[in-house]
Amino acid sequence: MKQILVTGGCGFIGSNFIRYQLSEYPDISVTNLDKLTYAGNLENLKEYESHSGYTFVKGDITDADFVNALFNSNDFDAVINFAAESHVDRSILDSSPFIHTNIVGTQVLLDAARSRNIGRYVQVSTDEVYGSLGPEGLFTETTPIAPNSPYSASKASADLLVRSYIKTFDFPAIITRCSNNYGPYQFPEKLIPLFISNAQEDKSLPIYGEGTNVRDWIHVIDHCRGIDAALRKGETGQVYNFGGNAEMQNIEITRLLLSILGKPESLIKYVTDRPGHDLRYAIDCSKAEAELGWKPETKFDTGLKDTVQWYLDNPEWVNRIRSGQYMKYYDQQYGNRLNS
Ligand code: NAD
Ligand code: DAU
């Protein structure tokens with residue numbers, strides 16, 4: 001594999017994936033196509049700006065003319081589609097960009113890749129397409145799709161489109177579905193980086209509902225290793241789940257963060273629940289372990305401490321985000337809840 005197209009490479013997971021590719025495969029050439037939405041940050045790959053194996057292209061995956069021209073002027077061996085609107089709460093406020101980017105954007109990429117006979121297409125999807133679990137059980141690759149938020153419905157729709165291209169056109173695609181990622185460069189609207197930043201500033205940590213919702217946390221590098229394994233060793237038409245074997249209630253994780261940061265639990269503030277809030281996600285990743293030789297390696301305790309340290313060591317990165325556009329969204333999302 002010599003030349004790959006990564007979409008959404010200026011976001012959290014995409015930038016970690018590009019860094020991983022460039023460090024693991026010295027001869028690889030990576031083109032990063034990103035629209036630079038509020039979540040896309042060129043700073044995430046600053047150290048690679050002049051790297052000979054890295055090219056950044058600003059563009060929108062929903063723009064078919066632009067995407068086709070990019071495919072025509074390159075010879076990609078594979079496409080890895082990370083580009084998406086990714087935050088559930090935003091999808092509840094306005095689902096339009098989610099439908100457009102996550103569904104139409106995927107269709108545009110599929111058509112462009114198909115017309116150029118690209119040998120491998122990886123759709124980076126999420127465990128949220130499976131809906132919500134009760135207290136027991138795990139999502140497997142055969143769990144029926146049952147999304148509960150506009151975000152997860154848009155990701156599920158994209159997965160179904162990919163599936164249809166596999167069945168109808170023999171298109172060489174793979175779908176990966178991962179649980180909640182944490183690690184460096186995560187946009188501070190998601191639970192862990194938001195709570196680290198708020199706690200540092202002695203601001204409230206807004207826990208939705210009773211804080212008993214459960215997520216299975218995986219370090220972003222383990223997810224990137226999984227996508228890499230699917231890209232290189234996966235079988236066309238297959239779905240692979242990735243998870244971290246680290247189920248935690250939101251309140252547990254919050255207490256852990258406060259104790260790592262040496263901040264008081266009085267910062268915890270219970271707020272109105274997220275509408276349609278999925279109770280529990282937990283992943284069975286035995287298929288990826290058996291067929292891709294992959295397993296999560298980062299222990300949650302160590303990974304979380306390292307992540308907190310990364311945020312403490314990179315205050316400028318956080319501050320630039322928290323001072324701009326993001327704060328307008330923050331007020332819209334939390335203004336009334338924290339004042340009530
Ligand atoms: P993110 O929001 O941090 O990054 C998304 C990136 O996509 C940004 O750089 C943004 O500029 C870009 N983008 C958005 N719309 C675009 C468009 N129309 N054209 C081109 N680029 C566009 O997201 P993330 O957390 O890094 O997630 C990446 C992918 O992984 C998403 O597809 C998400 O659904 C999936 N995923 C995320 C998690 C998680 O825990 N964060 C878990 C499983 C799967
Ligand atoms: O499971 C994979 C998914 O994980 C990805 O597909 C999504 O892109 C990613 O955003 C993430 O979705 P979640 O909704 O689980 O992540 P979030 O960080 O928004 O929330 C994690 C949990 O914390 C969830 O139960 C809601 C809760 N929460 C979140 C925020 C932002 C709070 O209690 N308070 C908050 O302020």
# chains A, B, ... in the order shown; residues from 1 in each chain; ligands from 1
$ residues_around --residues "Ile145 in chain A" --least-positions-apart "2" --cutoff "8 Å" --atoms "only C-alpha atoms" --output "ChimeraX atom specification"
/A:129-131,143,147,156
$ write_last_selection --atoms "N, CA and C atoms" --output "PDB file, in the first residue's frame"
ATOM      1  N   VAL A 129     -24.238   2.636  16.197  1.00  0.00           N
ATOM      2  CA  VAL A 129     -25.238   2.188  15.205  1.00  0.00           C
ATOM      3  C   VAL A 129     -26.056   1.015  15.756  1.00  0.00           C
ATOM      4  N   TYR A 130     -25.508   0.312  16.764  1.00  0.00           N
ATOM      5  CA  TYR A 130     -26.213  -0.841  17.333  1.00  0.00           C
ATOM      6  C   TYR A 130     -27.278  -0.429  18.352  1.00  0.00           C
ATOM      7  N   GLY A 131     -27.320   0.862  18.703  1.00  0.00           N
ATOM      8  CA  GLY A 131     -28.305   1.309  19.686  1.00  0.00           C
ATOM      9  C   GLY A 131     -27.801   1.143  21.095  1.00  0.00           C
ATOM     10  N   THR A 143     -25.155  -7.956  15.694  1.00  0.00           N
ATOM     11  CA  THR A 143     -26.219  -7.242  16.423  1.00  0.00           C
ATOM     12  C   THR A 143     -26.980  -6.362  15.422  1.00  0.00           C
ATOM     13  N   PRO A 147     -30.085   2.528  15.579  1.00  0.00           N
ATOM     14  CA  PRO A 147     -29.552   3.798  16.090  1.00  0.00           C
ATOM     15  C   PRO A 147     -30.619   4.641  16.786  1.00  0.00           C
ATOM     16  N   ALA A 156     -25.355   4.960  10.695  1.00  0.00           N
ATOM     17  CA  ALA A 156     -25.937   3.671  10.296  1.00  0.00           C
ATOM     18  C   ALA A 156     -26.337   3.717   8.823  1.00  0.00           C
TER      19      ALA A 156
END
$ residues_near_ligand --ligand "ligand 1" --cutoff "6 Å" --atoms "only C-alpha atoms and all ligand atoms" --output "ChimeraX atom specification"
/A:7-14,34-37,39-40,59-62,82-86,101,124-126,178-181,187
$ closest_atom_pairs --of "chain A" --to "ligand 2" --cutoff "6 Å" --atoms "only C-alpha atoms and all ligand atoms" --output "Markdown table"
| residue | atom | partner | partner_atom_place_in_ligand_line | distance |
| --- | --- | --- | --- | --- |
| A:Ser86 | CA | ligand 2 | 8 (O) | 4.1 |
| A:His87 | CA | ligand 2 | 10 (O) | 4.5 |
| A:Val88 | CA | ligand 2 | 14 (O) | 5.2 |
| A:Thr126 | CA | ligand 2 | 6 (O) | 4.5 |
| A:Asp127 | CA | ligand 2 | 1 (O) | 5.2 |
| A:Glu128 | CA | ligand 2 | 1 (O) | 5.2 |
| A:Ser179 | CA | ligand 2 | 1 (O) | 4.1 |
| A:Asn180 | CA | ligand 2 | 4 (O) | 4.0 |
| A:Glu189 | CA | ligand 2 | 31 (C) | 5.7 |
| A:Lys190 | CA | ligand 2 | 18 (O) | 3.6 |
| A:Leu191 | CA | ligand 2 | 18 (O) | 3.8 |
| A:Pro206 | CA | ligand 2 | 36 (O) | 5.0 |
| A:Ile207 | CA | ligand 2 | 33 (O) | 3.6 |
| A:Tyr208 | CA | ligand 2 | 33 (O) | 3.8 |
| A:Asn213 | CA | ligand 2 | 25 (O) | 5.1 |
| A:Asn250 | CA | ligand 2 | 23 (O) | 5.7 |
$ write_last_selection --atoms "all heavy atoms" --output "tab-separated table (two decimals), in the first residue's frame"
chain	number	residue	atom	x	y	z
A	86	SER	N	-19.45	14.43	14.26
A	86	SER	CA	-19.25	13.31	15.18
A	86	SER	C	-19.88	13.47	16.57
A	86	SER	O	-19.80	12.55	17.38
A	86	SER	CB	-17.74	13.07	15.36
A	86	SER	OG	-17.17	14.15	16.07
A	87	HIS	N	-20.49	14.63	16.85
A	87	HIS	CA	-20.94	14.83	18.25
A	87	HIS	C	-22.45	14.69	18.39
A	87	HIS	O	-23.23	15.44	17.78
A	87	HIS	CB	-20.48	16.21	18.72
A	87	HIS	CG	-20.59	16.40	20.20
A	87	HIS	ND1	-20.23	15.43	21.11
A	87	HIS	CD2	-21.04	17.43	20.95
A	87	HIS	CE1	-20.46	15.86	22.35
A	87	HIS	NE2	-20.95	17.08	22.26
A	88	VAL	N	-22.86	13.73	19.21
A	88	VAL	CA	-24.28	13.39	19.38
A	88	VAL	C	-25.11	14.62	19.78
A	88	VAL	O	-26.18	14.87	19.21
A	88	VAL	CB	-24.43	12.27	20.45
A	88	VAL	CG1	-25.89	12.03	20.78
A	88	VAL	CG2	-23.76	10.99	19.97
A	126	THR	N	-19.18	3.36	13.99
A	126	THR	CA	-19.26	3.46	15.45
A	126	THR	C	-20.16	2.38	16.04
A	126	THR	O	-21.11	1.93	15.39
A	126	THR	CB	-19.81	4.86	15.82
A	126	THR	OG1	-20.19	4.87	17.19
A	126	THR	CG2	-21.05	5.22	15.01
A	127	ASP	N	-19.89	2.03	17.29
A	127	ASP	CA	-20.77	1.07	17.96
A	127	ASP	C	-22.17	1.64	18.19
A	127	ASP	O	-23.11	0.90	18.48
A	127	ASP	CB	-20.15	0.60	19.29
A	127	ASP	CG	-19.93	1.72	20.31
A	127	ASP	OD1	-20.16	2.90	19.98
A	127	ASP	OD2	-19.53	1.40	21.45
A	128	GLU	N	-22.30	2.99	18.09
A	128	GLU	CA	-23.61	3.61	18.35
A	128	GLU	C	-24.66	3.18	17.33
A	128	GLU	O	-25.85	3.34	17.58
A	128	GLU	CB	-23.50	5.14	18.36
A	128	GLU	CG	-22.65	5.64	19.51
A	128	GLU	CD	-22.87	7.10	19.84
A	128	GLU	OE1	-23.85	7.69	19.39
A	128	GLU	OE2	-22.02	7.65	20.56
A	179	SER	N	-15.89	1.63	19.85
A	179	SER	CA	-16.50	2.26	21.02
A	179	SER	C	-15.86	3.63	21.27
A	179	SER	O	-15.09	4.12	20.44
A	179	SER	CB	-16.32	1.34	22.23
A	179	SER	OG	-14.94	1.18	22.48
A	180	ASN	N	-16.15	4.22	22.42
A	180	ASN	CA	-15.70	5.59	22.72
A	180	ASN	C	-14.18	5.70	22.82
A	180	ASN	O	-13.56	5.03	23.63
A	180	ASN	CB	-16.29	6.06	24.06
A	180	ASN	CG	-17.76	6.36	23.95
A	180	ASN	OD1	-18.55	5.49	23.60
A	180	ASN	ND2	-18.13	7.60	24.23
A	189	GLU	N	-15.35	19.03	23.43
A	189	GLU	CA	-16.80	19.00	23.60
A	189	GLU	C	-17.20	17.60	24.08
A	189	GLU	O	-18.29	17.40	24.59
A	189	GLU	CB	-17.51	19.29	22.26
A	189	GLU	CG	-17.27	18.20	21.21
A	189	GLU	CD	-17.80	18.52	19.83
A	189	GLU	OE1	-18.57	19.47	19.66
A	189	GLU	OE2	-17.42	17.80	18.88
A	190	LYS	N	-16.30	16.63	23.90
A	190	LYS	CA	-16.57	15.25	24.30
A	190	LYS	C	-16.27	15.10	25.78
A	190	LYS	O	-15.46	15.85	26.34
A	190	LYS	CB	-15.71	14.27	23.47
A	190	LYS	CG	-15.83	14.46	21.94
A	190	LYS	CD	-17.09	13.87	21.40
A	190	LYS	CE	-17.48	14.21	19.97
A	190	LYS	NZ	-16.54	14.44	18.95
A	191	LEU	N	-16.89	14.09	26.42
A	191	LEU	CA	-16.87	14.00	27.88
A	191	LEU	C	-15.49	14.19	28.51
A	191	LEU	O	-15.31	15.07	29.37
A	191	LEU	CB	-17.44	12.63	28.31
A	191	LEU	CG	-17.49	12.43	29.83
A	191	LEU	CD1	-18.68	13.13	30.43
A	191	LEU	CD2	-17.52	10.95	30.19
A	206	PRO	N	-20.77	19.09	33.87
A	206	PRO	CA	-22.20	18.78	33.70
A	206	PRO	C	-22.44	17.31	33.34
A	206	PRO	O	-22.23	16.89	32.21
A	206	PRO	CB	-22.61	19.70	32.53
A	206	PRO	CG	-21.35	19.94	31.76
A	206	PRO	CD	-20.20	19.80	32.71
A	207	ILE	N	-22.92	16.53	34.32
A	207	ILE	CA	-23.21	15.11	34.06
A	207	ILE	C	-24.67	14.97	33.67
A	207	ILE	O	-25.56	15.43	34.41
A	207	ILE	CB	-22.93	14.27	35.32
A	207	ILE	CG1	-21.43	14.28	35.58
A	207	ILE	CG2	-23.47	12.86	35.17
A	207	ILE	CD1	-20.95	13.14	36.40
A	208	TYR	N	-24.92	14.34	32.55
A	208	TYR	CA	-26.29	14.16	32.09
A	208	TYR	C	-26.98	13.09	32.94
A	208	TYR	O	-26.43	11.99	33.17
A	208	TYR	CB	-26.32	13.69	30.63
A	208	TYR	CG	-25.73	14.67	29.63
A	208	TYR	CD1	-25.29	14.22	28.39
A	208	TYR	CD2	-25.62	16.03	29.92
A	208	TYR	CE1	-24.75	15.10	27.45
A	208	TYR	CE2	-25.08	16.91	28.99
A	208	TYR	CZ	-24.65	16.44	27.76
A	208	TYR	OH	-24.11	17.31	26.85
A	213	ASN	N	-24.88	6.09	32.91
A	213	ASN	CA	-24.70	5.55	31.55
A	213	ASN	C	-23.28	5.01	31.42
A	213	ASN	O	-22.35	5.59	31.97
A	213	ASN	CB	-24.96	6.64	30.51
A	213	ASN	CG	-26.35	7.20	30.64
A	213	ASN	OD1	-26.65	7.87	31.63
A	213	ASN	ND2	-27.21	6.92	29.68
A	250	ASN	N	-20.36	7.00	33.60
A	250	ASN	CA	-19.86	8.37	33.46
A	250	ASN	C	-19.44	8.98	34.80
A	250	ASN	O	-18.45	9.71	34.88
A	250	ASN	CB	-20.92	9.26	32.80
A	250	ASN	CG	-21.19	8.83	31.37
A	250	ASN	OD1	-20.34	8.23	30.72
A	250	ASN	ND2	-22.39	9.11	30.87
$ residues_around --residues "Asp284 in chain A" --least-positions-apart "5" --cutoff "8 Å" --atoms "only C-alpha atoms" --output "list in words"
Leu138, Phe139, Thr140, Asn241, Phe242 and Gly243 of chain A
$ write_last_selection --atoms "N, CA and C atoms" --output "PDB file, in the first residue's frame"
ATOM      1  N   LEU A 138     -23.195  -7.842  25.033  1.00  0.00           N
ATOM      2  CA  LEU A 138     -22.191  -7.095  24.267  1.00  0.00           C
ATOM      3  C   LEU A 138     -22.662  -6.953  22.827  1.00  0.00           C
ATOM      4  N   PHE A 139     -22.251  -5.883  22.154  1.00  0.00           N
ATOM      5  CA  PHE A 139     -22.516  -5.762  20.721  1.00  0.00           C
ATOM      6  C   PHE A 139     -21.564  -6.684  19.968  1.00  0.00           C
ATOM      7  N   THR A 140     -22.109  -7.487  19.053  1.00  0.00           N
ATOM      8  CA  THR A 140     -21.248  -8.219  18.124  1.00  0.00           C
ATOM      9  C   THR A 140     -21.515  -7.655  16.728  1.00  0.00           C
ATOM     10  N   ASN A 241     -15.615  -5.051  14.836  1.00  0.00           N
ATOM     11  CA  ASN A 241     -15.818  -4.228  16.037  1.00  0.00           C
ATOM     12  C   ASN A 241     -14.491  -4.039  16.770  1.00  0.00           C
ATOM     13  N   PHE A 242     -14.300  -2.847  17.310  1.00  0.00           N
ATOM     14  CA  PHE A 242     -13.149  -2.600  18.196  1.00  0.00           C
ATOM     15  C   PHE A 242     -13.662  -1.984  19.498  1.00  0.00           C
ATOM     16  N   GLY A 243     -13.107  -2.433  20.602  1.00  0.00           N
ATOM     17  CA  GLY A 243     -13.466  -1.858  21.901  1.00  0.00           C
ATOM     18  C   GLY A 243     -12.281  -1.959  22.832  1.00  0.00           C
TER      19      GLY A 243
END
$ atom_distance --atom1 "CA of Trp317 in chain A" --atom2 "CA of Phe56 in chain A"
19.8 Å
$ closest_residue --among "A:Ile260, A:Pro315, A:Asp331, A:His277" --to "Asp301 in chain A" --atoms "only C-alpha atoms"
A:Ile260
$ select_by_dssp --residues "range 49-230 of chain A" --states "alpha helix (DSSP H)" --output "NGL selection string"
:A and (64-72 or 88-93 or 96-98 or 105-115 or 150-169 or 191-200 or 220-230)
$ select_by_dssp --residues "range 40-237 of chain A" --states "strand (DSSP E)" --output "ChimeraX atom specification"
/A:54-58,78-81,120-126,173-178,180-182,205-208,214-219
$ write_last_selection --atoms "N, CA and C atoms" --output "tab-separated table (two decimals), in the first residue's frame"
chain	number	residue	atom	x	y	z
A	54	TYR	N	3.37	13.53	3.21
A	54	TYR	CA	2.08	14.04	3.69
A	54	TYR	C	1.60	15.22	2.87
A	55	THR	N	0.35	15.15	2.41
A	55	THR	CA	-0.25	16.26	1.67
A	55	THR	C	-1.61	16.59	2.28
A	56	PHE	N	-1.82	17.86	2.58
A	56	PHE	CA	-3.15	18.27	3.06
A	56	PHE	C	-3.92	18.93	1.93
A	57	VAL	N	-5.18	18.55	1.78
A	57	VAL	CA	-6.05	19.18	0.78
A	57	VAL	C	-7.32	19.63	1.49
A	58	LYS	N	-7.62	20.94	1.40
A	58	LYS	CA	-8.86	21.41	2.02
A	58	LYS	C	-10.01	21.18	1.06
A	78	ALA	N	-5.98	3.15	-1.49
A	78	ALA	CA	-7.04	2.91	-0.50
A	78	ALA	C	-7.59	4.23	0.01
A	79	VAL	N	-8.84	4.16	0.48
A	79	VAL	CA	-9.50	5.32	1.08
A	79	VAL	C	-9.94	4.93	2.49
A	80	ILE	N	-9.66	5.78	3.46
A	80	ILE	CA	-10.13	5.54	4.82
A	80	ILE	C	-10.97	6.75	5.20
A	81	ASN	N	-12.27	6.52	5.38
A	81	ASN	CA	-13.18	7.64	5.58
A	81	ASN	C	-13.49	7.89	7.05
A	120	ARG	N	-9.25	-0.76	-1.91
A	120	ARG	CA	-9.69	-0.93	-0.52
A	120	ARG	C	-10.34	0.35	-0.02
A	121	TYR	N	-11.50	0.21	0.59
A	121	TYR	CA	-12.20	1.35	1.18
A	121	TYR	C	-12.58	0.97	2.60
A	122	VAL	N	-12.18	1.79	3.57
A	122	VAL	CA	-12.54	1.51	4.97
A	122	VAL	C	-13.48	2.61	5.46
A	123	GLN	N	-14.65	2.20	5.90
A	123	GLN	CA	-15.63	3.12	6.47
A	123	GLN	C	-15.49	3.07	7.99
A	124	VAL	N	-15.07	4.20	8.57
A	124	VAL	CA	-14.86	4.23	10.02
A	124	VAL	C	-16.20	4.54	10.68
A	125	SER	N	-16.79	3.52	11.27
A	125	SER	CA	-18.11	3.69	11.86
A	125	SER	C	-18.02	3.51	13.38
A	126	THR	N	-19.18	3.36	13.99
A	126	THR	CA	-19.26	3.46	15.45
A	126	THR	C	-20.16	2.38	16.04
A	173	ALA	N	-15.04	-2.94	0.16
A	173	ALA	CA	-15.11	-2.13	1.38
A	173	ALA	C	-15.13	-2.99	2.64
A	174	ILE	N	-14.72	-2.33	3.71
A	174	ILE	CA	-14.75	-2.91	5.06
A	174	ILE	C	-15.36	-1.85	5.96
A	175	ILE	N	-16.14	-2.28	6.95
A	175	ILE	CA	-16.69	-1.33	7.93
A	175	ILE	C	-16.09	-1.64	9.29
A	176	THR	N	-15.62	-0.61	9.99
A	176	THR	CA	-15.15	-0.82	11.36
A	176	THR	C	-16.08	-0.08	12.31
A	177	ARG	N	-16.36	-0.70	13.45
A	177	ARG	CA	-17.25	-0.05	14.44
A	177	ARG	C	-16.55	-0.06	15.80
A	178	CYS	N	-16.31	1.12	16.30
A	178	CYS	CA	-15.51	1.23	17.52
A	178	CYS	C	-16.31	1.91	18.63
A	180	ASN	N	-16.15	4.22	22.42
A	180	ASN	CA	-15.70	5.59	22.72
A	180	ASN	C	-14.18	5.70	22.82
A	181	ASN	N	-13.62	6.59	22.02
A	181	ASN	CA	-12.18	6.83	22.03
A	181	ASN	C	-11.83	7.93	23.03
A	182	TYR	N	-10.62	7.85	23.58
A	182	TYR	CA	-10.06	8.96	24.35
A	182	TYR	C	-8.58	9.05	24.01
A	205	LEU	N	-18.74	20.36	36.12
A	205	LEU	CA	-18.71	19.24	35.19
A	205	LEU	C	-20.15	18.76	35.01
A	206	PRO	N	-20.77	19.09	33.87
A	206	PRO	CA	-22.20	18.78	33.70
A	206	PRO	C	-22.44	17.31	33.34
A	207	ILE	N	-22.92	16.53	34.32
A	207	ILE	CA	-23.21	15.11	34.06
A	207	ILE	C	-24.67	14.97	33.67
A	208	TYR	N	-24.92	14.34	32.55
A	208	TYR	CA	-26.29	14.16	32.09
A	208	TYR	C	-26.98	13.09	32.94
A	214	VAL	N	-23.19	3.92	30.66
A	214	VAL	CA	-21.90	3.22	30.58
A	214	VAL	C	-21.35	3.31	29.15
A	215	ARG	N	-20.06	3.60	29.05
A	215	ARG	CA	-19.37	3.57	27.76
A	215	ARG	C	-18.14	2.67	27.92
A	216	ASP	N	-17.72	2.08	26.79
A	216	ASP	CA	-16.52	1.22	26.79
A	216	ASP	C	-15.39	2.03	26.17
A	217	TRP	N	-14.40	2.40	26.97
A	217	TRP	CA	-13.39	3.37	26.52
A	217	TRP	C	-12.18	2.68	25.92
A	218	ILE	N	-11.76	3.20	24.77
A	218	ILE	CA	-10.57	2.65	24.08
A	218	ILE	C	-9.62	3.80	23.78
A	219	HIS	N	-8.33	3.54	23.97
A	219	HIS	CA	-7.36	4.59	23.64
A	219	HIS	C	-7.31	4.74	22.12
$ residues_around --residues "Leu258 in chain A" --least-positions-apart "4" --cutoff "9 Å" --atoms "only C-alpha atoms" --output "PyMOL selection string"
chain A and resi 195-196+199+253-254+262-265+267
$ residues_around --residues "Ser115 in chain A" --least-positions-apart "5" --cutoff "12 Å" --atoms "only C-alpha atoms" --output "VMD selection string"
chain A and resid 67 to 69 71 to 72 108 to 110 169 171
$ atom_distance --atom1 "CA of Glu210 in chain A" --atom2 "CA of Asp273 in chain A"
7.9 Å
$ atom_distance --atom1 "CA of Asp202 in chain A" --atom2 "CA of Leu304 in chain A"
19.5 Å
$ residues_around --residues "range 230-232 of chain A" --least-positions-apart "3" --cutoff "7 Å" --atoms "only C-alpha atoms" --output "count of residues only"
4
$ closest_residue --among "A:Val30, A:Leu194, A:Leu279, A:Leu42" --to "Phe17 in chain A" --atoms "only C-alpha atoms"
A:Val30
$ closest_residue --among "A:Gly237, A:Gly293, A:Pro150, A:Gly183" --to "Ser164 in chain A" --atoms "only C-alpha atoms"
A:Gly237
$ closest_residue --among "A:Gln186, A:Ser149, A:Thr236, A:Asn245" --to "Val162 in chain A" --atoms "only C-alpha atoms"
A:Thr236
$ residues_around --residues "Gly53 in chain A" --least-positions-apart "6" --cutoff "8 Å" --atoms "only C-alpha atoms" --output "list in words"
Leu22, Asp27, Ile28, Ser29 and Val30 of chain A
$ decode --residues "range 150-161 of chain A" --atoms "N, CA and C atoms" --output "tab-separated table (two decimals), in the first residue's frame"
chain	number	residue	atom	x	y	z
A	150	PRO	N	-29.82	11.25	15.94
A	150	PRO	CA	-29.60	11.62	14.53
A	150	PRO	C	-28.17	11.31	14.08
A	151	TYR	N	-27.18	11.51	14.99
A	151	TYR	CA	-25.79	11.16	14.63
A	151	TYR	C	-25.69	9.67	14.29
A	152	SER	N	-26.16	8.82	15.20
A	152	SER	CA	-25.96	7.38	14.95
A	152	SER	C	-26.81	6.90	13.78
A	153	ALA	N	-27.98	7.55	13.58
A	153	ALA	CA	-28.80	7.19	12.41
A	153	ALA	C	-28.07	7.54	11.12
A	154	SER	N	-27.36	8.67	11.13
A	154	SER	CA	-26.62	9.05	9.91
A	154	SER	C	-25.45	8.09	9.68
A	155	LYS	N	-24.78	7.67	10.75
A	155	LYS	CA	-23.67	6.72	10.59
A	155	LYS	C	-24.20	5.36	10.14
A	156	ALA	N	-25.36	4.96	10.70
A	156	ALA	CA	-25.94	3.67	10.30
A	156	ALA	C	-26.34	3.72	8.82
A	157	SER	N	-26.89	4.87	8.40
A	157	SER	CA	-27.28	5.01	6.99
A	157	SER	C	-26.06	4.86	6.09
A	158	ALA	N	-24.96	5.48	6.50
A	158	ALA	CA	-23.72	5.37	5.71
A	158	ALA	C	-23.27	3.91	5.66
A	159	ASP	N	-23.34	3.22	6.79
A	159	ASP	CA	-22.94	1.81	6.82
A	159	ASP	C	-23.78	0.99	5.84
A	160	LEU	N	-25.09	1.29	5.82
A	160	LEU	CA	-25.97	0.53	4.93
A	160	LEU	C	-25.65	0.82	3.46
A	161	LEU	N	-25.29	2.08	3.19
A	161	LEU	CA	-24.88	2.42	1.82
A	161	LEU	C	-23.63	1.63	1.43
